[in-house]
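Novice: target-v8.txt is the file, holding compact mmCIF, C-alpha atoms:
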# COMPACT_ATOMS: atom_id res chain seq x y z
CA MET A 1 0.00 0.00 0.00
CA LEU A 2 0.99 3.61 -0.57
CA LYS A 3 1.28 4.43 3.13
CA GLU A 4 3.58 1.51 3.91
CA LYS A 5 5.80 2.25 0.91
CA ILE A 6 6.18 5.88 1.93
CA GLN A 7 6.86 4.97 5.56
CA ALA A 8 9.56 2.54 4.49
CA LEU A 9 11.17 5.08 2.17
CA ALA A 10 11.04 7.83 4.80
CA GLU A 11 12.71 5.45 7.24
CA SER A 12 15.38 4.41 4.71
CA ILE A 13 16.46 7.99 3.94
CA HIS A 14 16.14 9.30 7.49
CA ASN A 15 19.88 9.47 8.09
CA ASP A 16 20.32 11.33 4.80
CA VAL A 17 17.67 13.88 5.78
CA VAL A 18 19.29 14.31 9.20
CA SER A 19 22.59 15.04 7.44
CA LEU A 20 20.90 17.57 5.17
CA ARG A 21 19.27 19.26 8.14
CA ARG A 22 22.53 19.41 10.10
CA HIS A 23 24.41 20.88 7.14
CA LEU A 24 21.78 23.59 6.79
CA HIS A 25 21.75 24.18 10.54
CA GLN A 26 25.51 24.69 10.56
CA ASN A 27 25.37 27.12 7.65
CA PRO A 28 22.44 29.47 8.29
CA GLU A 29 21.86 32.59 6.22
CA LEU A 30 19.67 35.60 6.84
CA SER A 31 16.61 36.61 4.82
CA PHE A 32 17.28 37.60 1.20
CA ALA A 33 20.89 36.37 1.56
CA GLU A 34 20.36 32.60 1.30
CA TYR A 35 22.93 32.22 -1.49
CA GLN A 36 24.79 29.16 -0.21
CA THR A 37 21.55 27.58 0.98
CA SER A 38 20.03 28.07 -2.46
CA ALA A 39 23.13 26.60 -4.13
CA PHE A 40 22.95 23.62 -1.77
CA VAL A 41 19.31 22.98 -2.62
CA LYS A 42 20.06 23.19 -6.33
CA SER A 43 22.96 20.76 -5.99
CA GLN A 44 20.76 18.26 -4.15
CA LEU A 45 18.08 18.51 -6.84
CA ASP A 46 20.76 18.07 -9.51
CA THR A 47 21.94 14.91 -7.78
CA LEU A 48 18.39 13.57 -7.91
CA GLY A 49 18.07 14.53 -11.56
CA ILE A 50 15.28 17.00 -10.85
CA SER A 51 15.24 20.16 -12.95
CA TRP A 52 14.76 23.46 -11.16
CA THR A 53 14.14 27.15 -11.82
CA ALA A 54 15.53 30.07 -9.84
CA MET A 55 13.08 32.72 -8.62
CA ALA A 56 13.17 35.72 -6.31
CA ASP A 57 16.97 35.75 -6.48
CA THR A 58 17.61 32.92 -4.00
CA GLY A 59 14.36 30.98 -4.39
CA VAL A 60 14.19 27.59 -6.13
CA VAL A 61 11.21 25.85 -7.75
CA ALA A 62 11.21 22.26 -9.01
CA LEU A 63 8.64 19.97 -10.59
CA ILE A 64 8.22 16.21 -10.17
CA LYS A 65 5.71 14.63 -12.51
CA GLY A 66 4.37 11.14 -11.98
CA ASP A 67 4.41 8.66 -14.83
CA LYS A 68 0.68 8.01 -14.69
CA PRO A 69 -1.63 10.40 -16.57
CA SER A 70 -3.09 13.25 -14.49
CA ASP A 71 -3.41 17.02 -14.79
CA SER A 72 -3.60 17.57 -11.02
CA VAL A 73 -0.96 19.79 -9.42
CA VAL A 74 -0.04 20.25 -5.75
CA ALA A 75 2.57 22.69 -4.45
CA LEU A 76 4.65 22.00 -1.34
CA ARG A 77 6.46 24.91 0.30
CA ALA A 78 9.56 25.17 2.49
CA ASP A 79 11.31 28.34 3.66
CA MET A 80 15.10 28.64 3.87
CA ASP A 81 16.15 31.71 5.88
CA ALA A 82 17.51 31.90 9.43
CA LEU A 83 17.38 34.46 12.25
CA PRO A 84 19.90 36.93 13.74
CA ILE A 85 20.31 34.91 16.96
CA VAL A 86 23.50 33.63 18.64
CA GLU A 87 23.12 29.89 19.11
CA VAL A 88 24.07 28.51 22.54
CA ASN A 89 23.34 24.82 21.91
CA ASP A 90 26.34 22.55 22.51
CA VAL A 91 25.82 20.19 19.58
CA PRO A 92 28.11 19.00 16.76
CA TYR A 93 25.94 20.81 14.21
CA LYS A 94 25.96 24.18 15.99
CA SER A 95 25.85 27.21 13.70
CA LYS A 96 29.20 28.15 12.18
CA ASN A 97 27.88 31.58 11.22
CA GLU A 98 28.22 33.60 14.42
CA GLY A 99 25.09 35.57 15.23
CA VAL A 100 22.91 33.66 12.74
CA MET A 101 20.87 30.60 13.68
CA HIS A 102 18.11 28.38 12.33
CA ALA A 103 16.06 29.12 15.42
CA CYS A 104 12.71 28.80 13.66
CA GLY A 105 13.22 25.41 12.06
CA HIS A 106 13.53 26.43 8.44
CA ASP A 107 16.44 24.00 8.15
CA VAL A 108 13.89 21.32 9.04
CA HIS A 109 11.47 22.54 6.39
CA THR A 110 14.09 22.66 3.64
CA SER A 111 15.72 19.32 4.44
CA SER A 112 12.29 17.71 4.72
CA LEU A 113 11.23 18.95 1.29
CA LEU A 114 14.48 17.62 -0.19
CA GLY A 115 13.60 14.31 1.47
CA VAL A 116 10.14 14.45 -0.06
CA ALA A 117 11.77 14.97 -3.46
CA LYS A 118 13.84 11.83 -2.96
CA VAL A 119 10.83 9.73 -1.97
CA LEU A 120 8.77 11.05 -4.87
CA GLN A 121 11.56 10.14 -7.29
CA ALA A 122 11.41 6.57 -6.04
CA LEU A 123 7.62 6.49 -6.41
CA GLN A 124 7.45 8.32 -9.74
CA PRO A 125 6.28 5.26 -11.77
CA GLU A 126 3.43 4.71 -9.32
CA PHE A 127 1.60 8.03 -9.18
CA GLY A 128 -0.11 10.52 -11.44
CA GLY A 129 0.00 14.30 -11.22
CA THR A 130 2.63 16.96 -10.63
CA ILE A 131 4.19 18.11 -7.39
CA LYS A 132 5.70 21.59 -7.39
CA LEU A 133 8.44 22.02 -4.80
CA ILE A 134 8.82 25.61 -3.58
CA PHE A 135 12.03 26.49 -1.71
CA GLN A 136 11.32 30.02 -0.62
CA PRO A 137 13.61 32.75 0.74
CA ALA A 138 12.95 35.35 3.41
CA GLU A 139 9.95 34.26 5.42
CA GLU A 140 11.29 36.20 8.38
CA LYS A 141 11.59 39.63 6.78
CA LEU A 142 9.16 41.99 5.08
CA PRO A 143 7.91 42.01 2.41
CA GLY A 144 8.28 38.24 2.70
CA GLY A 145 9.74 35.91 0.11
CA ALA A 146 6.31 34.40 -0.58
CA SER A 147 4.97 37.71 -1.90
CA ILE A 148 7.91 38.00 -4.29
CA MET A 149 7.66 34.39 -5.45
CA ILE A 150 3.96 34.86 -6.17
CA LYS A 151 4.61 38.07 -8.13
CA GLU A 152 7.20 36.20 -10.18
CA GLY A 153 4.67 33.47 -11.02
CA VAL A 154 5.36 30.60 -8.64
CA LEU A 155 1.65 29.74 -8.64
CA GLU A 156 1.49 29.57 -12.42
CA ASN A 157 2.77 27.22 -15.14
CA PRO A 158 1.49 24.88 -13.83
CA LYS A 159 -1.09 26.31 -11.46
CA PRO A 160 -1.51 24.19 -8.32
CA GLN A 161 -4.95 23.26 -7.08
CA ALA A 162 -3.54 23.33 -3.54
CA VAL A 163 -0.53 24.73 -1.68
CA ILE A 164 0.57 22.85 1.43
CA GLY A 165 3.15 23.89 4.00
CA GLN A 166 4.36 22.68 7.37
CA HIS A 167 6.13 24.41 10.26
CA VAL A 168 7.88 23.06 13.33
CA MET A 169 6.01 23.31 16.63
CA PRO A 170 7.98 22.63 19.84
CA LEU A 171 4.77 22.54 21.87
CA ILE A 172 3.78 19.29 20.11
CA ASP A 173 5.61 16.00 20.62
CA ALA A 174 7.65 14.58 17.76
CA GLY A 175 5.61 12.09 15.77
CA LYS A 176 2.50 14.24 15.96
CA ILE A 177 1.11 17.17 14.00
CA GLY A 178 -1.35 19.97 14.72
CA ILE A 179 -3.88 21.45 12.34
CA ARG A 180 -6.70 24.00 12.24
CA SER A 181 -9.30 24.73 9.58
CA GLY A 182 -10.27 28.29 8.64
CA LYS A 183 -8.58 31.39 10.03
CA TYR A 184 -5.40 30.32 11.75
CA MET A 185 -2.72 33.04 11.95
CA ALA A 186 -2.94 36.81 12.13
CA SER A 187 -1.99 39.63 9.84
CA THR A 188 0.89 41.65 11.22
CA ASP A 189 1.66 45.34 10.82
CA GLU A 190 4.56 47.32 12.24
CA LEU A 191 3.86 50.66 13.91
CA TYR A 192 6.49 53.41 14.03
CA VAL A 193 5.38 56.52 15.92
CA THR A 194 7.26 59.73 16.57
CA VAL A 195 5.70 62.14 19.08
CA LYS A 196 7.21 65.63 19.14
CA GLY A 197 6.85 68.34 21.74
CA LYS A 198 9.15 70.89 23.32
CA GLY A 199 11.80 69.65 25.71
CA GLY A 200 13.33 71.39 28.66
CA HIS A 201 13.99 71.22 32.38
CA ALA A 202 11.80 68.70 34.18
CA ALA A 203 11.35 71.13 37.06
CA GLN A 204 9.66 73.62 34.73
CA PRO A 205 7.02 71.55 32.95
CA GLN A 206 4.87 74.64 32.32
CA GLN A 207 7.47 75.84 29.84
CA ASN A 208 7.54 72.56 27.91
CA ILE A 209 5.29 70.41 25.78
CA ASP A 210 5.95 66.99 27.25
CA PRO A 211 6.11 64.29 24.52
CA VAL A 212 6.51 61.61 27.20
CA LEU A 213 3.14 62.44 28.69
CA ILE A 214 1.57 62.73 25.25
CA THR A 215 2.96 59.31 24.31
CA SER A 216 1.62 57.81 27.54
CA HIS A 217 -1.88 59.05 26.69
CA ILE A 218 -1.57 57.68 23.16
CA ILE A 219 -0.50 54.21 24.36
CA VAL A 220 -3.40 53.94 26.78
CA ALA A 221 -6.00 55.48 24.48
CA LEU A 222 -5.15 53.27 21.52
CA GLN A 223 -6.16 50.20 23.48
CA GLN A 224 -9.73 51.44 23.08
CA ILE A 225 -9.39 50.43 19.42
CA VAL A 226 -9.21 46.84 20.66
CA SER A 227 -11.56 46.98 23.65
CA ARG A 228 -14.27 49.35 22.43
CA VAL A 229 -14.15 49.52 18.62
CA SER A 230 -13.16 46.05 17.47
CA ASP A 231 -15.82 43.34 17.29
CA PRO A 232 -15.22 41.24 20.44
CA LYS A 233 -15.58 38.10 18.33
CA LEU A 234 -12.70 39.16 16.06
CA PRO A 235 -9.19 38.49 17.40
CA THR A 236 -7.23 41.76 17.57
CA VAL A 237 -3.92 42.54 19.26
CA LEU A 238 -2.20 45.90 19.69
CA SER A 239 1.12 45.86 21.54
CA PHE A 240 3.95 48.33 21.92
CA GLY A 241 7.34 46.88 22.71
CA LYS A 242 9.69 49.81 22.27
CA VAL A 243 9.55 53.31 23.76
CA ILE A 244 12.54 55.66 23.55
CA ALA A 245 12.36 58.94 25.43
CA ASN A 246 15.99 59.97 25.51
CA GLY A 247 15.81 62.49 28.30
CA ALA A 248 17.01 62.17 31.89
CA THR A 249 15.67 62.36 35.43
CA ASN A 250 15.53 66.13 35.11
CA VAL A 251 15.28 66.50 31.32
CA ILE A 252 12.11 66.33 29.23
CA PRO A 253 13.15 65.36 25.66
CA ASN A 254 11.94 66.99 22.47
CA GLU A 255 10.52 63.76 21.08
CA VAL A 256 9.62 60.17 21.87
CA GLN A 257 9.83 57.18 19.55
CA LEU A 258 7.34 54.38 19.88
CA GLU A 259 7.23 51.03 18.07
CA GLY A 260 4.65 48.29 18.16
CA THR A 261 2.60 45.72 16.28
CA PHE A 262 -1.04 45.43 15.23
CA ARG A 263 -2.51 42.02 14.42
CA THR A 264 -5.94 40.80 13.41
CA MET A 265 -7.81 38.38 11.13
CA ASP A 266 -9.98 40.53 8.89
CA GLU A 267 -8.69 42.73 6.08
CA GLU A 268 -11.54 45.27 6.20
CA TRP A 269 -11.16 45.74 9.94
CA ARG A 270 -7.39 45.89 9.54
CA ALA A 271 -7.68 48.89 7.20
CA GLU A 272 -10.29 50.57 9.41
CA ALA A 273 -8.16 50.08 12.53
CA HIS A 274 -5.19 51.65 10.76
CA ARG A 275 -7.25 54.74 10.00
CA ARG A 276 -8.61 54.98 13.54
CA MET A 277 -5.25 54.50 15.25
CA LYS A 278 -3.60 57.17 13.17
CA LYS A 279 -6.45 59.65 13.65
CA MET A 280 -6.64 59.06 17.41
CA ALA A 281 -2.90 59.39 17.99
CA GLU A 282 -2.58 62.52 15.90
CA GLY A 283 -5.62 64.06 17.60
CA ILE A 284 -4.31 63.39 21.09
CA ALA A 285 -0.93 64.86 20.27
CA GLU A 286 -2.48 67.98 18.70
CA SER A 287 -4.86 68.49 21.65
CA MET A 288 -1.86 68.47 24.00
CA GLY A 289 0.19 70.89 21.91
CA GLY A 290 2.44 68.39 20.16
CA THR A 291 2.55 66.50 16.89
CA CYS A 292 2.51 62.81 16.01
CA ASP A 293 3.92 61.07 12.95
CA PHE A 294 2.12 57.71 12.87
CA LYS A 295 3.67 55.36 10.30
CA ILE A 296 2.21 51.93 9.57
CA VAL A 297 4.22 49.36 7.63
CA ASN A 298 1.85 46.74 6.26
CA GLY A 299 3.07 43.24 6.97
CA TYR A 300 1.72 39.82 6.07
CA PRO A 301 -2.01 39.21 5.63
CA PHE A 302 -3.87 36.76 7.85
CA LEU A 303 -3.48 33.07 7.09
CA VAL A 304 -6.57 31.04 6.32
CA ASN A 305 -6.61 27.28 5.84
CA GLU A 306 -9.20 26.51 3.17
CA GLU A 307 -11.73 24.35 4.93
CA GLN A 308 -12.32 21.54 2.44
CA LEU A 309 -8.62 21.15 1.65
CA THR A 310 -7.71 21.26 5.34
CA GLU A 311 -10.30 18.62 6.18
CA ARG A 312 -8.76 16.37 3.53
CA VAL A 313 -5.24 17.01 4.83
CA ARG A 314 -6.41 16.23 8.35
CA ASN A 315 -7.94 12.96 7.16
CA PHE A 316 -4.73 12.08 5.31
CA ALA A 317 -2.75 12.76 8.49
CA VAL A 318 -5.08 10.47 10.46
CA GLU A 319 -4.62 7.78 7.81
CA TYR A 320 -0.84 8.11 7.92
CA LEU A 321 -0.16 8.81 11.62
CA GLY A 322 -3.26 7.61 13.43
CA ALA A 323 -5.94 9.81 15.03
CA GLU A 324 -4.07 9.95 18.34
CA ASN A 325 -1.21 11.77 16.61
CA VAL A 326 -3.28 14.54 15.02
CA GLU A 327 -4.08 17.47 17.30
CA ASP A 328 -6.54 20.32 16.79
CA LEU A 329 -5.01 23.78 17.10
CA ASP A 330 -6.40 27.08 18.34
CA ILE A 331 -5.90 30.34 16.47
CA TRP A 332 -2.45 31.84 16.85
CA MET A 333 -1.77 35.58 16.70
CA ALA A 334 1.72 35.15 15.29
CA ALA A 335 2.20 35.73 11.57
CA GLU A 336 3.61 33.79 8.63
CA ASP A 337 4.20 34.80 5.04
CA PHE A 338 2.64 31.50 3.93
CA ALA A 339 -0.46 33.67 4.36
CA TYR A 340 0.22 35.12 0.91
CA TYR A 341 -0.27 31.66 -0.62
CA SER A 342 -3.47 31.23 1.40
CA GLN A 343 -4.81 34.52 0.01
CA ALA A 344 -3.98 33.51 -3.58
CA ALA A 345 -4.93 29.81 -3.67
CA ASP A 346 -6.49 27.00 -1.66
CA ALA A 347 -3.88 26.40 1.03
CA CYS A 348 -3.22 24.40 4.17
CA PHE A 349 -0.53 25.11 6.75
CA TYR A 350 -0.07 22.60 9.55
CA ARG A 351 2.32 22.16 12.50
CA LEU A 352 5.00 19.50 12.81
CA GLY A 353 5.69 18.31 16.36
CA THR A 354 9.39 18.45 17.31
CA ARG A 355 9.28 18.23 21.13
CA ASN A 356 10.92 15.53 23.25
CA GLU A 357 10.94 16.24 26.97
CA ALA A 358 12.98 13.12 27.74
CA LYS A 359 15.79 14.50 25.58
CA GLY A 360 15.40 18.02 26.96
CA ILE A 361 14.20 19.34 23.60
CA VAL A 362 11.58 21.81 24.78
CA SER A 363 12.79 25.30 23.79
CA SER A 364 10.53 27.61 21.85
CA VAL A 365 11.27 28.85 18.35
CA HIS A 366 13.19 32.13 18.07
CA THR A 367 15.33 31.25 21.09
CA PRO A 368 19.10 30.50 21.19
CA THR A 369 18.44 27.00 22.58
CA PHE A 370 15.88 25.87 20.00
CA ASP A 371 16.46 22.38 18.61
CA ILE A 372 14.36 19.44 17.43
CA ASP A 373 13.99 15.75 18.00
CA GLU A 374 15.31 14.62 14.63
CA ASN A 375 12.92 11.66 14.61
CA ALA A 376 10.38 14.30 13.59
CA LEU A 377 12.05 14.32 10.17
CA LYS A 378 10.55 10.88 9.47
CA THR A 379 7.11 12.33 10.12
CA SER A 380 7.74 15.48 8.11
CA VAL A 381 9.01 13.69 5.01
CA GLY A 382 6.53 10.83 5.09
CA LEU A 383 3.40 12.81 5.86
CA MET A 384 4.09 15.57 3.35
CA THR A 385 4.72 12.97 0.63
CA TYR A 386 1.60 11.00 1.53
CA THR A 387 -0.54 14.15 1.73
CA ALA A 388 0.64 15.38 -1.66
CA LEU A 389 0.02 12.08 -3.41
CA ARG A 390 -3.37 11.57 -1.78
CA GLN A 391 -4.37 15.12 -2.69
CA LEU A 392 -3.43 14.37 -6.28
CA GLY A 393 -5.92 11.50 -6.20
CA ASN A 394 -3.52 8.60 -5.72
Represent the structure from my file as structure tokens, please.
Specialist:
Amino acid sequence: MLKEKIQALAESIHNDVVSLRRHLHQNPELSFAEYQTSAFVKSQLDTLGISWTAMADTGVVALIKGDKPSDSVVALRADMDALPIVEVNDVPYKSKNEGVMHACGHDVHTSSLLGVAKVLQALQPEFGGTIKLIFQPAEEKLPGGASIMIKEGVLENPKPQAVIGQHVMPLIDAGKIGIRSGKYMASTDELYVTVKGKGGHAAQPQQNIDPVLITSHIIVALQQIVSRVSDPKLPTVLSFGKVIANGATNVIPNEVQLEGTFRTMDEEWRAEAHRRMKKMAEGIAESMGGTCDFKIVNGYPFLVNEEQLTERVRNFAVEYLGAENVEDLDIWMAAEDFAYYSQAADACFYRLGTRNEAKGIVSSVHTPTFDIDENALKTSVGLMTYTALRQLGN
């Protein structure tokens, strides 16, 4: 049967995939600079005899077509970039690029998709349809590699009926996956605010226009956008994580810089909230004698898992892993540029468990101690292959 063949192949190449993952982990590259990573992916595809096309500078796209007749097309996506984090893990495959680390598991995604390619090559005589392999740059940095790949035609020629992606999840045990249908991850926008007043001696506030006080009012008042304007049923987050008022104990500065993030799951409300935040902040500053420059940098859209496709993927996961190894997820207010695929095509984005408490592998993504239980690579390769072939109708 198809499942048993894929499981056996995933098991047989597991050590190879581990080696691929460790090579990538040792040689991480930042967003839009994945030149060696891209070259490595191309060389691996060349070794397999799989033709590829370069896109978005460092992106790579490959096609594997089954020998049986079928016009169905499924796209599988992996991202390749790393983060500006100093790794502190004491492992043989520790990052060699000081200050850069695969702390979000993109090395897992890329090595897994290369493993999928190897399994599909072995099964090529036995399936019909085309699998498009998308090795994407720059998930971690705006405007997001996915947006560029889409603009350059990654979802055309041939056009996939579905786009499927996976992402490591250290909250889920290795050997399991998590999935959610419908709205899953939030849009994300960056807020850059400059509040200007008139600085001076802190003992003479009547002679100044205090931008610190103005900024304080703005921070508190803007939360009304979430608590009193937003529909309570619609997830919305507004957080400020950076405030710079470069004065002193007895010095009121001329200006304050404020940075934050706005996240939600509805594009109409997103645009309306932008307008309201800007108007409110500027109005508060003006009423207190200052000015406010409220800049919004639009980030990724919200990610929606198309319901019928996601239900099929969930069923395929149950078939392949067993129902006890498929978990239902809640919405998550983090963001992912896979959202661009979900806005342009039927898409499904699920979570790959990588946790192993017995081995001490429990750290969150985006931390200097993040690592995975490499047994998860068997699950990632096997399930993605099985899902793709089942989605194609095999």
Novice: In terms of the shortest atom-to-atom distance over only C-alpha atoms, which of A:Thr130, A:Ser230, A:Gln206, A:Gln391 is closest to Gly66 of chain A?
Specialist: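 Looking only at the distances to Gly66 of chain A, the closest residue turns out to be A:Thr130.
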Novice: I'd like the contact shell of Gly59 of chain A - 8 Å cut-off, all atoms listed in the file, skipping same-chain residues fewer than 5 positions apart - returned as a PyMOL selection string.
Specialist: chain A and resi 38+54+134-137+149
Novice: Can you work out which one of A:Lys151, A:Lys94, A:Lys183, A:Lys118 has the shortest atom-to-atom distance to Asp266 of chain A, counting all atoms listed in the file?
Specialist: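 The shortest atom-to-atom distance to Asp266 of chain A comes from A:Lys183.
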Novice: If I put a ball of radius 9 Å at (-3.9, 24.2, -8.5) in the file's coordinates, which residues poke into it when counting all atoms listed in the file, written as a PDB file with C-alpha atoms, keeping the file's coordinate frame?
Specialist:
ATOM      1  CA  SER A  72      -3.600  17.570 -11.020  1.00  0.00           C
ATOM      2  CA  VAL A  73      -0.960  19.790  -9.420  1.00  0.00           C
ATOM      3  CA  VAL A  74      -0.040  20.250  -5.750  1.00  0.00           C
ATOM      4  CA  ALA A  75       2.570  22.690  -4.450  1.00  0.00           C
ATOM      5  CA  LEU A 155       1.650  29.740  -8.640  1.00  0.00           C
ATOM      6  CA  GLU A 156       1.490  29.570 -12.420  1.00  0.00           C
ATOM      7  CA  PRO A 158       1.490  24.880 -13.830  1.00  0.00           C
ATOM      8  CA  LYS A 159      -1.090  26.310 -11.460  1.00  0.00           C
ATOM      9  CA  PRO A 160      -1.510  24.190  -8.320  1.00  0.00           C
ATOM     10  CA  GLN A 161      -4.950  23.260  -7.080  1.00  0.00           C
ATOM     11  CA  ALA A 162      -3.540  23.330  -3.540  1.00  0.00           C
ATOM     12  CA  VAL A 163      -0.530  24.730  -1.680  1.00  0.00           C
ATOM     13  CA  ALA A 345      -4.930  29.810  -3.670  1.00  0.00           C
ATOM     14  CA  ASP A 346      -6.490  27.000  -1.660  1.00  0.00           C
TER      15      ASP A 346
END
Novice: Return the single residue from A:Ile372, A:Val365, A:Leu48, A:Ala174 that is closest to Val91 of chain A, with distances computed using all atoms listed in the file.
Specialist: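 Result for the nearest residue to Val91 of chain A: A:Ile372.
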Novice: Can you pull out the residues contacting segment 279-290 of chain A? Cut-off 6 Å, using only C-alpha atoms, and skip same-chain residues under 3 positions away; I want them as a list of chain:residue names.
Specialist: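 After dropping sequence-adjacent residues, the list is A:Lys196, A:Gly197, A:Ile214, A:Ile218, A:Arg276.
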Novice: Output the selection as a PDB file, in the frame of the given file - C-alpha atoms for each residue.
Specialist:
ATOM      1  CA  LYS A 196       7.210  65.630  19.140  1.00  0.00           C
ATOM      2  CA  GLY A 197       6.850  68.340  21.740  1.00  0.00           C
ATOM      3  CA  ILE A 214       1.570  62.730  25.250  1.00  0.00           C
ATOM      4  CA  ILE A 218      -1.570  57.680  23.160  1.00  0.00           C
ATOM      5  CA  ARG A 276      -8.610  54.980  13.540  1.00  0.00           C
TER       6      ARG A 276
END
Novice: If we count only C-alpha atoms, what is near Thr53 of chain A at a cut-off of 12 Å, once residues fewer than 4 positions away on the same chain are taken out, given as a list of chain:residue names?
Specialist: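 Returned residues: A:Ser38, A:Ala39, A:Val41, A:Lys42, A:Leu45, A:Asp46, A:Asp57, A:Thr58, A:Gly59, A:Val60, A:Val61, A:Ala62, A:Leu63, A:Lys132, A:Leu133, A:Ile134, A:Phe135, A:Gln136, A:Met149, A:Glu152, A:Gly153, A:Val154, A:Asn157.
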Novice: So that I can see what lies close to segment 24-36 of chain A, please list as a PDB file with C-alpha atoms, in the frame of the given file the residues with an atom at most 8 Å from it, counting only C-alpha atoms and leaving out residues fewer than 6 positions away in the same chain.
Specialist:
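The result, written out as around.pdb:
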ATOM      1  CA  ASP A  57      16.970  35.750  -6.480  1.00  0.00           C
ATOM      2  CA  THR A  58      17.610  32.920  -4.000  1.00  0.00           C
ATOM      3  CA  MET A  80      15.100  28.640   3.870  1.00  0.00           C
ATOM      4  CA  ASP A  81      16.150  31.710   5.880  1.00  0.00           C
ATOM      5  CA  ALA A  82      17.510  31.900   9.430  1.00  0.00           C
ATOM      6  CA  LEU A  83      17.380  34.460  12.250  1.00  0.00           C
ATOM      7  CA  PRO A  84      19.900  36.930  13.740  1.00  0.00           C
ATOM      8  CA  TYR A  93      25.940  20.810  14.210  1.00  0.00           C
ATOM      9  CA  LYS A  94      25.960  24.180  15.990  1.00  0.00           C
ATOM     10  CA  SER A  95      25.850  27.210  13.700  1.00  0.00           C
ATOM     11  CA  LYS A  96      29.200  28.150  12.180  1.00  0.00           C
ATOM     12  CA  ASN A  97      27.880  31.580  11.220  1.00  0.00           C
ATOM     13  CA  VAL A 100      22.910  33.660  12.740  1.00  0.00           C
ATOM     14  CA  MET A 101      20.870  30.600  13.680  1.00  0.00           C
ATOM     15  CA  HIS A 102      18.110  28.380  12.330  1.00  0.00           C
ATOM     16  CA  ASP A 107      16.440  24.000   8.150  1.00  0.00           C
ATOM     17  CA  SER A 111      15.720  19.320   4.440  1.00  0.00           C
ATOM     18  CA  PRO A 137      13.610  32.750   0.740  1.00  0.00           C
ATOM     19  CA  ALA A 138      12.950  35.350   3.410  1.00  0.00           C
ATOM     20  CA  GLU A 139       9.950  34.260   5.420  1.00  0.00           C
ATOM     21  CA  GLU A 140      11.290  36.200   8.380  1.00  0.00           C
ATOM     22  CA  LYS A 141      11.590  39.630   6.780  1.00  0.00           C
ATOM     23  CA  GLY A 145       9.740  35.910   0.110  1.00  0.00           C
TER      24      GLY A 145
END
Novice: Give me the residues near Val313 of chain A as a count of residues only, where near means some atom within 9 Å (using all atoms listed in the file) and where sequence neighbours in that chain fewer than 2 positions away do not count.
Specialist: 16
Novice: What is the atom CA of Asp231 of chain A to atom CA of Met185 of chain A distance in Å?
Specialist: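 A separation of 17.5 Å between them.
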Novice: Just to confirm, what's the straight-line distance from atom CA of Asn356 of chain A to atom CA of Met384 of chain A in Å (one decimal)?
Specialist: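 One can read the atom CA of Asn356 of chain A to atom CA of Met384 of chain A distance as 21.0 Å.
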Novice: Which is closest to Gly105 of chain A among A:Ala245, A:Ile13, A:Ala117, A:Val168, if we use all atoms listed in the file?
Specialist: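 The closest residue to Gly105 of chain A is A:Val168.
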Novice: Using only C-alpha atoms, pick whichever of A:Thr369, A:Asn254, A:Ser187, A:Asn89 has the shortest atom-to-atom distance to Phe338 of chain A.
Specialist: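 Distance minimum relative to Phe338 of chain A lands on A:Ser187.
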Novice: For Arg263 of chain A, which of A:Ala186, A:Ile64, A:Val17, A:Ile296 is the closest residue, counting all atoms listed in the file?
Specialist: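 Using all atoms listed in the file, Arg263 of chain A sits closest to A:Ala186.
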Novice: If you measure from atom CA of Val18 of chain A to atom CA of Leu377 of chain A, what distance in Å do you get, rounded to one decimal?
Specialist: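 Going from atom CA of Val18 of chain A over to atom CA of Leu377 of chain A covers 7.3 Å.
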Novice: May I have the residues at most 9 Å from (2.5, 17.7, 24.0) in the file's coordinates, counting all atoms listed in the file, as JSON, numbers by chain?
Specialist: {"A": [170, 171, 172, 173, 174, 176, 353, 355, 356]}
